[in-house]
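Data file: input-v8.cif. Format and content: mmCIF, C-alpha atoms, pLDDT in the B column; chains and numbers go by the auth columns.
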data_my_file
#
loop_
_atom_site.group_PDB
_atom_site.id
_atom_site.type_symbol
_atom_site.label_atom_id
_atom_site.label_comp_id
_atom_site.label_asym_id
_atom_site.label_seq_id
_atom_site.Cartn_x
_atom_site.Cartn_y
_atom_site.Cartn_z
_atom_site.B_iso_or_equiv
_atom_site.auth_seq_id
_atom_site.auth_asym_id
ATOM 1 C CA MET A 1 -8.592 -7.679 7.522 98.00 1 W
ATOM 2 C CA GLU A 2 -11.959 -9.279 6.888 98.00 2 W
ATOM 3 C CA ILE A 3 -13.474 -10.113 3.514 98.00 3 W
ATOM 4 C CA THR A 4 -17.054 -11.011 2.648 98.00 4 W
ATOM 5 C CA THR A 5 -18.291 -11.841 -0.833 97.00 5 W
ATOM 6 C CA GLN A 6 -21.916 -11.494 -1.902 97.00 6 W
ATOM 7 C CA GLU A 7 -23.012 -12.749 -5.291 96.00 7 W
ATOM 8 C CA PHE A 8 -25.657 -10.741 -7.104 96.00 8 W
ATOM 9 C CA LYS A 9 -27.255 -11.546 -10.427 94.00 9 W
ATOM 10 C CA HIS A 10 -25.008 -9.216 -12.402 95.00 10 W
ATOM 11 C CA CYS A 11 -21.950 -8.811 -10.202 97.00 11 W
ATOM 12 C CA ASP A 12 -20.041 -9.848 -7.082 98.00 12 W
ATOM 13 C CA LEU A 13 -19.819 -7.444 -4.174 98.00 13 W
ATOM 14 C CA ILE A 14 -16.610 -7.989 -2.242 98.00 14 W
ATOM 15 C CA LYS A 15 -16.384 -6.096 1.023 98.00 15 W
ATOM 16 C CA VAL A 16 -12.968 -5.641 2.580 98.00 16 W
ATOM 17 C CA LYS A 17 -12.681 -4.307 6.135 98.00 17 W
ATOM 18 C CA GLY A 18 -9.722 -3.376 8.299 98.00 18 W
ATOM 19 C CA ARG A 19 -6.212 -3.058 6.888 98.00 19 W
ATOM 20 C CA VAL A 20 -4.677 -4.311 3.662 98.00 20 W
ATOM 21 C CA ASP A 21 -0.869 -4.332 3.715 98.00 21 W
ATOM 22 C CA SER A 22 1.854 -6.740 2.558 98.00 22 W
ATOM 23 C CA ALA A 23 0.780 -9.192 5.284 98.00 23 W
ATOM 24 C CA THR A 24 -2.905 -9.284 4.355 98.00 24 W
ATOM 25 C CA ALA A 25 -2.855 -8.392 0.624 98.00 25 W
ATOM 26 C CA PRO A 26 -2.293 -12.027 -0.468 98.00 26 W
ATOM 27 C CA ASP A 27 -5.653 -13.022 1.063 98.00 27 W
ATOM 28 C CA PHE A 28 -7.329 -9.999 -0.498 98.00 28 W
ATOM 29 C CA ALA A 29 -5.849 -10.952 -3.883 98.00 29 W
ATOM 30 C CA LYS A 30 -7.058 -14.531 -3.375 98.00 30 W
ATOM 31 C CA ALA A 31 -10.658 -13.390 -2.806 98.00 31 W
ATOM 32 C CA LEU A 32 -10.525 -11.353 -6.024 98.00 32 W
ATOM 33 C CA GLU A 33 -8.927 -14.205 -7.964 97.00 33 W
ATOM 34 C CA LYS A 34 -11.554 -16.616 -6.677 97.00 34 W
ATOM 35 C CA ALA A 35 -14.310 -14.493 -8.208 97.00 35 W
ATOM 36 C CA ASN A 36 -12.444 -14.467 -11.529 97.00 36 W
ATOM 37 C CA ASP A 37 -11.817 -18.216 -11.324 97.00 37 W
ATOM 38 C CA GLU A 38 -15.558 -18.742 -10.988 96.00 38 W
ATOM 39 C CA GLY A 39 -16.072 -16.773 -14.180 97.00 39 W
ATOM 40 C CA HIS A 40 -17.188 -13.585 -12.434 97.00 40 W
ATOM 41 C CA PHE A 41 -15.611 -10.517 -13.999 98.00 41 W
ATOM 42 C CA LYS A 42 -18.006 -7.834 -12.801 98.00 42 W
ATOM 43 C CA ILE A 43 -16.857 -6.956 -9.321 98.00 43 W
ATOM 44 C CA ALA A 44 -17.614 -4.134 -6.904 98.00 44 W
ATOM 45 C CA VAL A 45 -15.103 -3.781 -4.051 98.00 45 W
ATOM 46 C CA ASP A 46 -16.693 -2.131 -1.028 98.00 46 W
ATOM 47 C CA MET A 47 -13.980 -0.199 0.810 98.00 47 W
ATOM 48 C CA SER A 48 -16.265 1.828 3.086 98.00 48 W
ATOM 49 C CA GLU A 49 -14.986 0.084 6.223 98.00 49 W
ATOM 50 C CA LEU A 50 -11.393 -0.162 5.086 98.00 50 W
ATOM 51 C CA GLU A 51 -8.983 1.678 7.364 98.00 51 W
ATOM 52 C CA TYR A 52 -5.774 1.326 5.440 98.00 52 W
ATOM 53 C CA MET A 53 -4.390 0.082 2.140 98.00 53 W
ATOM 54 C CA SER A 54 -0.768 0.055 0.981 98.00 54 W
ATOM 55 C CA SER A 55 0.537 -0.450 -2.548 97.00 55 W
ATOM 56 C CA ALA A 56 0.324 -4.212 -1.946 97.00 56 W
ATOM 57 C CA GLY A 57 -3.463 -3.817 -2.031 97.00 57 W
ATOM 58 C CA PHE A 58 -3.293 -1.457 -5.023 96.00 58 W
ATOM 59 C CA ARG A 59 -1.398 -4.128 -6.936 95.00 59 W
ATOM 60 C CA ALA A 60 -4.110 -6.703 -6.243 97.00 60 W
ATOM 61 C CA LEU A 61 -6.748 -4.262 -7.528 97.00 61 W
ATOM 62 C CA LEU A 62 -4.718 -3.512 -10.654 96.00 62 W
ATOM 63 C CA ALA A 63 -4.089 -7.181 -11.473 95.00 63 W
ATOM 64 C CA THR A 64 -7.790 -7.969 -11.065 97.00 64 W
ATOM 65 C CA GLN A 65 -8.920 -4.961 -13.096 97.00 65 W
ATOM 66 C CA ARG A 66 -6.665 -6.165 -15.915 95.00 66 W
ATOM 67 C CA ASN A 67 -8.135 -9.636 -15.717 96.00 67 W
ATOM 68 C CA CYS A 68 -11.723 -8.348 -15.563 97.00 68 W
ATOM 69 C CA LYS A 69 -11.392 -5.977 -18.508 96.00 69 W
ATOM 70 C CA ARG A 70 -9.652 -8.492 -20.761 93.00 70 W
ATOM 71 C CA TYR A 71 -11.922 -9.379 -23.725 88.00 71 W
ATOM 72 C CA ASN A 72 -14.382 -6.756 -22.411 87.00 72 W
ATOM 73 C CA ARG A 73 -15.840 -9.356 -20.101 92.00 73 W
ATOM 74 C CA GLY A 74 -16.258 -7.057 -17.124 97.00 74 W
ATOM 75 C CA GLU A 75 -14.873 -4.467 -14.785 98.00 75 W
ATOM 76 C CA LEU A 76 -13.849 -3.906 -11.185 98.00 76 W
ATOM 77 C CA VAL A 77 -15.341 -0.816 -9.543 98.00 77 W
ATOM 78 C CA LEU A 78 -14.682 0.701 -6.126 98.00 78 W
ATOM 79 C CA VAL A 79 -17.284 1.650 -3.537 98.00 79 W
ATOM 80 C CA GLY A 80 -17.099 4.092 -0.627 98.00 80 W
ATOM 81 C CA VAL A 81 -13.370 4.748 -0.832 98.00 81 W
ATOM 82 C CA PRO A 82 -12.304 6.510 2.401 98.00 82 W
ATOM 83 C CA GLU A 83 -10.606 9.874 1.921 97.00 83 W
ATOM 84 C CA ARG A 84 -7.076 8.870 2.974 97.00 84 W
ATOM 85 C CA ILE A 85 -7.113 5.808 0.757 98.00 85 W
ATOM 86 C CA ARG A 86 -8.504 7.831 -2.141 98.00 86 W
ATOM 87 C CA GLU A 87 -5.645 10.326 -1.740 97.00 87 W
ATOM 88 C CA ALA A 88 -3.095 7.525 -1.901 97.00 88 W
ATOM 89 C CA LEU A 89 -4.821 5.984 -4.949 97.00 89 W
ATOM 90 C CA GLU A 90 -4.729 9.400 -6.610 96.00 90 W
ATOM 91 C CA LEU A 91 -1.042 9.792 -5.860 95.00 91 W
ATOM 92 C CA ALA A 92 -0.451 6.393 -7.453 93.00 92 W
ATOM 93 C CA GLY A 93 -2.370 7.507 -10.545 92.00 93 W
ATOM 94 C CA PHE A 94 -4.960 4.792 -9.964 93.00 94 W
ATOM 95 C CA THR A 95 -8.149 6.829 -9.810 92.00 95 W
ATOM 96 C CA GLU A 96 -8.549 6.957 -13.570 93.00 96 W
ATOM 97 C CA LEU A 97 -8.294 3.164 -13.776 95.00 97 W
ATOM 98 C CA PHE A 98 -11.307 2.531 -11.540 97.00 98 W
ATOM 99 C CA LYS A 99 -14.843 3.852 -11.539 97.00 99 W
ATOM 100 C CA THR A 100 -15.928 4.760 -8.037 97.00 100 W
ATOM 101 C CA PHE A 101 -19.348 4.802 -6.406 98.00 101 W
ATOM 102 C CA ASP A 102 -20.512 6.315 -3.127 97.00 102 W
ATOM 103 C CA ASP A 103 -22.594 3.316 -2.121 96.00 103 W
ATOM 104 C CA SER A 104 -22.844 -0.359 -2.963 96.00 104 W
ATOM 105 C CA ILE A 105 -26.432 -0.145 -4.287 96.00 105 W
ATOM 106 C CA ALA A 106 -25.341 2.299 -6.979 97.00 106 W
ATOM 107 C CA ALA A 107 -22.296 0.158 -7.785 97.00 107 W
ATOM 108 C CA VAL A 108 -24.265 -3.096 -8.041 97.00 108 W
ATOM 109 C CA GLY A 109 -26.927 -1.306 -10.086 96.00 109 W
ATOM 110 C CA SER A 110 -24.327 -0.040 -12.560 96.00 110 W
ATOM 111 C CA PHE A 111 -23.695 -3.535 -13.942 95.00 111 W
ATOM 112 C CA MET B 1 14.524 8.593 21.177 65.00 112 Y
ATOM 113 C CA THR B 2 12.298 5.831 19.840 83.00 113 Y
ATOM 114 C CA ASN B 3 14.413 2.972 18.664 92.00 114 Y
ATOM 115 C CA LYS B 4 12.948 -0.463 18.106 96.00 115 Y
ATOM 116 C CA THR B 5 14.014 -3.707 16.530 97.00 116 Y
ATOM 117 C CA PHE B 6 11.359 -5.641 14.639 98.00 117 Y
ATOM 118 C CA PRO B 7 11.442 -9.113 13.126 97.00 118 Y
ATOM 119 C CA ALA B 8 11.644 -8.580 9.350 97.00 119 Y
ATOM 120 C CA LYS B 9 8.206 -10.059 8.722 97.00 120 Y
ATOM 121 C CA PHE B 10 5.114 -8.526 7.149 97.00 121 Y
ATOM 122 C CA GLU B 11 3.130 -9.421 10.281 97.00 122 Y
ATOM 123 C CA PHE B 12 4.962 -6.624 12.115 98.00 123 Y
ATOM 124 C CA LEU B 13 3.983 -3.858 9.677 98.00 124 Y
ATOM 125 C CA ASP B 14 1.029 -3.056 11.948 98.00 125 Y
ATOM 126 C CA GLU B 15 3.398 -2.343 14.852 98.00 126 Y
ATOM 127 C CA ILE B 16 5.743 -0.338 12.639 98.00 127 Y
ATOM 128 C CA ARG B 17 2.861 1.876 11.458 98.00 128 Y
ATOM 129 C CA GLU B 18 1.720 2.233 15.078 97.00 129 Y
ATOM 130 C CA LEU B 19 5.170 3.387 16.188 97.00 130 Y
ATOM 131 C CA VAL B 20 5.302 6.028 13.441 98.00 131 Y
ATOM 132 C CA ALA B 21 1.777 7.228 14.226 98.00 132 Y
ATOM 133 C CA GLN B 22 2.602 7.637 17.904 97.00 133 Y
ATOM 134 C CA VAL B 23 5.720 9.738 17.297 97.00 134 Y
ATOM 135 C CA ALA B 24 3.980 11.777 14.590 98.00 135 Y
ATOM 136 C CA ALA B 25 0.935 12.445 16.787 98.00 136 Y
ATOM 137 C CA GLU B 26 3.167 13.605 19.638 97.00 137 Y
ATOM 138 C CA GLY B 27 5.006 15.742 17.087 97.00 138 Y
ATOM 139 C CA GLY B 28 1.790 17.541 16.178 97.00 139 Y
ATOM 140 C CA PHE B 29 1.192 16.188 12.671 98.00 140 Y
ATOM 141 C CA THR B 30 -2.375 16.150 11.343 97.00 141 Y
ATOM 142 C CA ASP B 31 -4.245 12.851 10.897 97.00 142 Y
ATOM 143 C CA LYS B 32 -3.947 13.227 7.138 97.00 143 Y
ATOM 144 C CA VAL B 33 -0.153 13.502 7.294 98.00 144 Y
ATOM 145 C CA ILE B 34 0.088 10.767 9.935 98.00 145 Y
ATOM 146 C CA TYR B 35 -1.635 8.408 7.490 98.00 146 Y
ATOM 147 C CA SER B 36 0.857 9.301 4.761 98.00 147 Y
ATOM 148 C CA LEU B 37 3.825 8.845 7.140 98.00 148 Y
ATOM 149 C CA GLN B 38 2.476 5.412 8.078 98.00 149 Y
ATOM 150 C CA LEU B 39 2.096 4.547 4.410 98.00 150 Y
ATOM 151 C CA ALA B 40 5.650 5.670 3.572 98.00 151 Y
ATOM 152 C CA ALA B 41 7.102 3.687 6.507 98.00 152 Y
ATOM 153 C CA ASP B 42 5.045 0.629 5.540 98.00 153 Y
ATOM 154 C CA GLU B 43 6.228 0.786 1.923 97.00 154 Y
ATOM 155 C CA ALA B 44 9.863 1.199 3.041 97.00 155 Y
ATOM 156 C CA ALA B 45 9.718 -1.681 5.528 97.00 156 Y
ATOM 157 C CA SER B 46 7.826 -3.888 3.049 97.00 157 Y
ATOM 158 C CA ASN B 47 10.556 -3.342 0.455 94.00 158 Y
ATOM 159 C CA ILE B 48 13.295 -4.213 2.938 95.00 159 Y
ATOM 160 C CA ILE B 49 11.487 -7.384 4.020 96.00 160 Y
ATOM 161 C CA GLU B 50 10.658 -8.367 0.438 93.00 161 Y
ATOM 162 C CA HIS B 51 13.870 -7.402 -1.381 92.00 162 Y
ATOM 163 C CA ALA B 52 16.763 -6.818 1.035 92.00 163 Y
ATOM 164 C CA TYR B 53 15.898 -9.870 3.115 95.00 164 Y
ATOM 165 C CA GLU B 54 14.542 -12.045 0.345 92.00 165 Y
ATOM 166 C CA GLY B 55 14.923 -15.656 1.469 91.00 166 Y
ATOM 167 C CA VAL B 56 16.625 -14.711 4.759 93.00 167 Y
ATOM 168 C CA PRO B 57 14.987 -16.264 7.845 90.00 168 Y
ATOM 169 C CA ASP B 58 15.072 -14.601 11.282 93.00 169 Y
ATOM 170 C CA ALA B 59 16.237 -11.234 9.974 96.00 170 Y
ATOM 171 C CA THR B 60 15.591 -8.028 11.892 97.00 171 Y
ATOM 172 C CA LEU B 61 14.949 -4.424 11.051 97.00 172 Y
ATOM 173 C CA ASP B 62 15.977 -1.511 13.320 97.00 173 Y
ATOM 174 C CA ILE B 63 13.678 1.460 13.191 98.00 174 Y
ATOM 175 C CA ASN B 64 14.337 4.823 14.687 97.00 175 Y
ATOM 176 C CA CYS B 65 11.578 7.386 14.636 97.00 176 Y
ATOM 177 C CA ASP B 66 12.019 10.833 16.160 97.00 177 Y
ATOM 178 C CA MET B 67 11.078 14.461 15.974 97.00 178 Y
ATOM 179 C CA GLN B 68 13.999 16.760 15.258 97.00 179 Y
ATOM 180 C CA GLY B 69 12.521 20.188 15.734 97.00 180 Y
ATOM 181 C CA ASP B 70 9.465 20.308 13.461 97.00 181 Y
ATOM 182 C CA THR B 71 10.677 17.414 11.312 98.00 182 Y
ATOM 183 C CA ILE B 72 9.972 13.727 11.753 98.00 183 Y
ATOM 184 C CA VAL B 73 12.963 11.559 10.937 98.00 184 Y
ATOM 185 C CA ILE B 74 12.399 7.866 10.254 98.00 185 Y
ATOM 186 C CA THR B 75 15.435 5.669 9.760 98.00 186 Y
ATOM 187 C CA MET B 76 15.466 1.963 8.982 97.00 187 Y
ATOM 188 C CA ARG B 77 18.588 -0.147 9.205 97.00 188 Y
ATOM 189 C CA ASP B 78 18.905 -3.637 7.782 96.00 189 Y
ATOM 190 C CA ARG B 79 21.723 -6.043 7.048 95.00 190 Y
ATOM 191 C CA GLY B 80 20.282 -7.588 3.935 94.00 191 Y
ATOM 192 C CA LYS B 81 21.125 -7.139 0.279 91.00 192 Y
ATOM 193 C CA PRO B 82 21.524 -3.477 -0.676 88.00 193 Y
ATOM 194 C CA PHE B 83 18.222 -2.197 -2.017 80.00 194 Y
ATOM 195 C CA ASP B 84 18.525 1.407 -3.105 80.00 195 Y
ATOM 196 C CA PRO B 85 15.081 2.961 -3.652 78.00 196 Y
ATOM 197 C CA SER B 86 16.588 5.702 -5.814 78.00 197 Y
ATOM 198 C CA LYS B 87 17.597 2.999 -8.334 80.00 198 Y
ATOM 199 C CA VAL B 88 14.013 1.868 -8.741 81.00 199 Y
ATOM 200 C CA LYS B 89 12.530 3.106 -11.990 80.00 200 Y
ATOM 201 C CA GLN B 90 9.611 5.450 -11.577 81.00 201 Y
ATOM 202 C CA PRO B 91 6.379 3.847 -12.758 84.00 202 Y
ATOM 203 C CA ASN B 92 4.595 5.501 -15.669 86.00 203 Y
ATOM 204 C CA LEU B 93 1.419 6.749 -14.039 83.00 204 Y
ATOM 205 C CA LYS B 94 -0.072 7.753 -17.359 83.00 205 Y
ATOM 206 C CA ALA B 95 0.221 4.295 -18.889 85.00 206 Y
ATOM 207 C CA ASP B 96 -2.897 2.404 -19.938 84.00 207 Y
ATOM 208 C CA LEU B 97 -4.226 -0.335 -17.727 85.00 208 Y
ATOM 209 C CA SER B 98 -2.497 -3.022 -19.794 81.00 209 Y
ATOM 210 C CA ASP B 99 0.902 -1.280 -19.664 81.00 210 Y
ATOM 211 C CA ARG B 100 0.737 -0.142 -16.065 82.00 211 Y
ATOM 212 C CA GLN B 101 3.753 -1.322 -14.080 76.00 212 Y
ATOM 213 C CA ILE B 102 2.981 -3.353 -11.000 72.00 213 Y
ATOM 214 C CA GLY B 103 6.385 -2.790 -9.364 76.00 214 Y
ATOM 215 C CA GLY B 104 8.025 0.404 -8.206 85.00 215 Y
ATOM 216 C CA LEU B 105 4.843 1.843 -6.769 91.00 216 Y
ATOM 217 C CA GLY B 106 5.908 1.612 -3.127 92.00 217 Y
ATOM 218 C CA VAL B 107 9.114 3.541 -3.732 92.00 218 Y
ATOM 219 C CA TYR B 108 7.246 6.106 -5.796 93.00 219 Y
ATOM 220 C CA LEU B 109 4.784 6.655 -2.925 95.00 220 Y
ATOM 221 C CA MET B 110 7.633 6.988 -0.395 96.00 221 Y
ATOM 222 C CA ARG B 111 9.222 9.719 -2.478 94.00 222 Y
ATOM 223 C CA LYS B 112 5.947 11.553 -3.018 95.00 223 Y
ATOM 224 C CA LEU B 113 4.827 11.348 0.614 97.00 224 Y
ATOM 225 C CA MET B 114 8.113 12.325 2.265 98.00 225 Y
ATOM 226 C CA ASP B 115 10.234 15.469 1.859 98.00 226 Y
ATOM 227 C CA GLU B 116 13.453 13.511 1.645 97.00 227 Y
ATOM 228 C CA VAL B 117 14.400 9.873 1.130 96.00 228 Y
ATOM 229 C CA SER B 118 18.079 8.939 1.287 95.00 229 Y
ATOM 230 C CA TYR B 119 19.902 5.645 1.287 94.00 230 Y
ATOM 231 C CA GLN B 120 23.354 4.510 2.318 93.00 231 Y
ATOM 232 C CA SER B 121 24.794 1.054 2.040 92.00 232 Y
ATOM 233 C CA SER B 122 27.872 -0.080 3.895 88.00 233 Y
ATOM 234 C CA SER B 123 29.368 -3.538 4.240 85.00 234 Y
ATOM 235 C CA SER B 124 30.212 -2.909 7.902 87.00 235 Y
ATOM 236 C CA THR B 125 27.079 -1.200 9.217 87.00 236 Y
ATOM 237 C CA GLY B 126 24.453 -2.419 6.753 92.00 237 Y
ATOM 238 C CA ASN B 127 21.863 -0.451 4.795 95.00 238 Y
ATOM 239 C CA LEU B 128 20.424 2.756 6.134 96.00 239 Y
ATOM 240 C CA LEU B 129 17.273 4.336 4.768 96.00 240 Y
ATOM 241 C CA LYS B 130 16.382 7.777 6.047 97.00 241 Y
ATOM 242 C CA MET B 131 13.103 9.568 5.410 98.00 242 Y
ATOM 243 C CA THR B 132 12.110 12.980 6.672 98.00 243 Y
ATOM 244 C CA LYS B 133 8.980 15.103 6.627 98.00 244 Y
ATOM 245 C CA ARG B 134 8.519 18.583 7.995 98.00 245 Y
ATOM 246 C CA ARG B 135 5.351 19.533 9.791 96.00 246 Y
ATOM 247 C CA GLY B 136 3.485 21.895 7.496 80.00 247 Y
#

Rewrite the structure from the file as structure tokens, please.
Amino acid sequence: MEITTQEFKHCDLIKVKGRVDSATAPDFAKALEKANDEGHFKIAVDMSELEYMSSAGFRALLATQRNCKRYNRGELVLVGVPERIREALELAGFTELFKTFDDSIAAVGSF
Amino acid sequence: MTNKTFPAKFEFLDEIRELVAQVAAEGGFTDKVIYSLQLAADEAASNIIEHAYEGVPDATLDINCDMQGDTIVITMRDRGKPFDPSKVKQPNLKADLSDRQIGGLGVYLMRKLMDEVSYQSSSSTGNLLKMTKRRG
């Protein structure tokens, strides 16, 4: 798993590549928490080069979405969710909790 | 017969998913189903490592993955604390963001992705989780 964070004027774009499972989810969660700790609550997570995500990754997304939406201070949105991962998110009932965008420009522009 | 013993550590989930993918591909499953079999096996192994072997160093997990006719059978045996997935409460998937349960999701996915999930616990032979999925 590889994570890169880009700070834009209105949001952070966090790109996660590779595989997020119970072994790597803690580092993914840390990157999300770091953005929140810095007072950034508008976050786009670019999943376009993500190969795999288990429920450990879903939990990190859920916890961060909760934190972002508290006091209406922001939101976490998903970008370029690969089909298999989208199917798993749907099965978990997560798709209605996250707005999704096809590309990062649209996601960044939405904030 | 594909039988392998893995250290009960999250770092080996990659290899566990690889093993399942290999057997499933040879068994003629589609890529879409192979992904879901890998996810189910990952969630099952993660639960064993996290709950059954909580605080236990140097534990191992035996995994058997085979085709029986047109059905893939994945069994996982551990000697940790009994952790029966059927006892895990199903998360409320309609709950609002603030009420959404964080736990129980892995077990829920296992049940949804596989045709059958069964569990047996014995003090002599340990815990046995069996999951099956028929090729569509």

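Residue neighbourhood of Y:Glu161, excluding near-sequence residues (fewer than 6 positions): Ser22 of chain W; Ala119, Lys120, Phe121, Ala155 and Val167 of chain Y, at 10 Å, using all atoms listed in the file.
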
The selected residues should be written to file as a JSON list (two decimals), keeping the file's coordinate frame (atoms: C-alpha atoms).
[["chain", "number", "residue", "atom", "x", "y", "z"],
["W", 22, "SER", "CA", 1.85, -6.74, 2.56],
["Y", 119, "ALA", "CA", 11.64, -8.58, 9.35],
["Y", 120, "LYS", "CA", 8.21, -10.06, 8.72],
["Y", 121, "PHE", "CA", 5.11, -8.53, 7.15],
["Y", 155, "ALA", "CA", 9.86, 1.20, 3.04],
["Y", 167, "VAL", "CA", 16.62, -14.71, 4.76]]

| query | When the PyMOL selection byres ((chain Y) within 10 of (chain W)) is applied to the file above, which residues end up in the set, as a PyMOL selection string? | reply | chain Y and resi 120-125+142-144+146-147+149-151+153-154+156-158+160-161+202-220+223-224

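By chain and then residue number, the residues within 9 Å of stretch 28-37 of chain W are Met1, Glu2, Ile3, Thr4, Thr5, Asp12, Ile14, Val16, Val20, Thr24, Ala25, Pro26, Gly39, His40, Phe41, Lys42, Ile43, Gly57, Arg59, Ala60, Leu61, Ala63, Thr64, Asn67 and Cys68 of chain W, counting all atoms listed in the file and disregarding those fewer than 2 positions away in sequence.
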
Selection result for the PyMOL selection byres ((chain W and resi 107) around 10) on this file, as a PDB file with C-alpha atoms, keeping the file's coordinate frame:
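File produced: result_15.pdb:
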ATOM      1  CA  CYS W  11     -21.950  -8.811 -10.202  1.00 97.00           C
ATOM      2  CA  LEU W  13     -19.819  -7.444  -4.174  1.00 98.00           C
ATOM      3  CA  ILE W  43     -16.857  -6.956  -9.321  1.00 98.00           C
ATOM      4  CA  ALA W  44     -17.614  -4.134  -6.904  1.00 98.00           C
ATOM      5  CA  VAL W  45     -15.103  -3.781  -4.051  1.00 98.00           C
ATOM      6  CA  ASP W  46     -16.693  -2.131  -1.028  1.00 98.00           C
ATOM      7  CA  LEU W  76     -13.849  -3.906 -11.185  1.00 98.00           C
ATOM      8  CA  VAL W  77     -15.341  -0.816  -9.543  1.00 98.00           C
ATOM      9  CA  LEU W  78     -14.682   0.701  -6.126  1.00 98.00           C
ATOM     10  CA  VAL W  79     -17.284   1.650  -3.537  1.00 98.00           C
ATOM     11  CA  GLY W  80     -17.099   4.092  -0.627  1.00 98.00           C
ATOM     12  CA  LYS W  99     -14.843   3.852 -11.539  1.00 97.00           C
ATOM     13  CA  THR W 100     -15.928   4.760  -8.037  1.00 97.00           C
ATOM     14  CA  PHE W 101     -19.348   4.802  -6.406  1.00 98.00           C
ATOM     15  CA  ASP W 102     -20.512   6.315  -3.127  1.00 97.00           C
ATOM     16  CA  ASP W 103     -22.594   3.316  -2.121  1.00 96.00           C
ATOM     17  CA  SER W 104     -22.844  -0.359  -2.963  1.00 96.00           C
ATOM     18  CA  ILE W 105     -26.432  -0.145  -4.287  1.00 96.00           C
ATOM     19  CA  ALA W 106     -25.341   2.299  -6.979  1.00 97.00           C
ATOM     20  CA  VAL W 108     -24.265  -3.096  -8.041  1.00 97.00           C
ATOM     21  CA  GLY W 109     -26.927  -1.306 -10.086  1.00 96.00           C
ATOM     22  CA  SER W 110     -24.327  -0.040 -12.560  1.00 96.00           C
ATOM     23  CA  PHE W 111     -23.695  -3.535 -13.942  1.00 95.00           C
TER      24      PHE W 111
END

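Computed from the coordinates, the atom CA of Y:Ser232 to atom CA of Y:Leu130 distance equals 24.3 Å.
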
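Our summary of the geometry notes that atom CA of Y:Lys244 is positioned 15.9 Å from atom CA of Y:Ile174.
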
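Distances from Y:Asp177, Y:Thr236, Y:Lys241, Y:Thr171 to Y:Pro196 were compared using all atoms listed in the file, and the smallest one belongs to Y:Lys241.
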
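Closest to Y:Met178 among Y:Gly247, Y:Gly138, Y:Pro193, Y:Gly237 is Y:Gly138, based on all atoms listed in the file.
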
| said: Excluding Y:Ile145 and its own-chain neighbours fewer than 3 positions away, which residues fall within 9 Å of it when counting all atoms listed in the file? Please give them as a PyMOL selection string. | reply: chain Y and resi 131-133+135-136+140-142+148-150

If we count all atoms listed in the file and set the cut-off at 8 Å, which residues sit around stretch 228-230 of chain Y, ignoring sequence neighbours fewer than 2 positions away in its own chain? Please answer as a PDB file with C-alpha atoms, keeping the file's coordinate frame.
ATOM      1  CA  ASP Y 195      18.525   1.407  -3.105  1.00 80.00           C
ATOM      2  CA  PRO Y 196      15.081   2.961  -3.652  1.00 78.00           C
ATOM      3  CA  SER Y 197      16.588   5.702  -5.814  1.00 78.00           C
ATOM      4  CA  MET Y 221       7.633   6.988  -0.395  1.00 96.00           C
ATOM      5  CA  ARG Y 222       9.222   9.719  -2.478  1.00 94.00           C
ATOM      6  CA  MET Y 225       8.113  12.325   2.265  1.00 98.00           C
ATOM      7  CA  ASP Y 226      10.234  15.469   1.859  1.00 98.00           C
ATOM      8  CA  SER Y 232      24.794   1.054   2.040  1.00 92.00           C
ATOM      9  CA  ASN Y 238      21.863  -0.451   4.795  1.00 95.00           C
ATOM     10  CA  LEU Y 239      20.424   2.756   6.134  1.00 96.00           C
ATOM     11  CA  LEU Y 240      17.273   4.336   4.768  1.00 96.00           C
ATOM     12  CA  LYS Y 241      16.382   7.777   6.047  1.00 97.00           C
ATOM     13  CA  MET Y 242      13.103   9.568   5.410  1.00 98.00           C
ATOM     14  CA  THR Y 243      12.110  12.980   6.672  1.00 98.00           C
TER      15      THR Y 243
END

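You will find atom CA of Y:Lys198 at 26.0 Å from atom CA of Y:Thr116.
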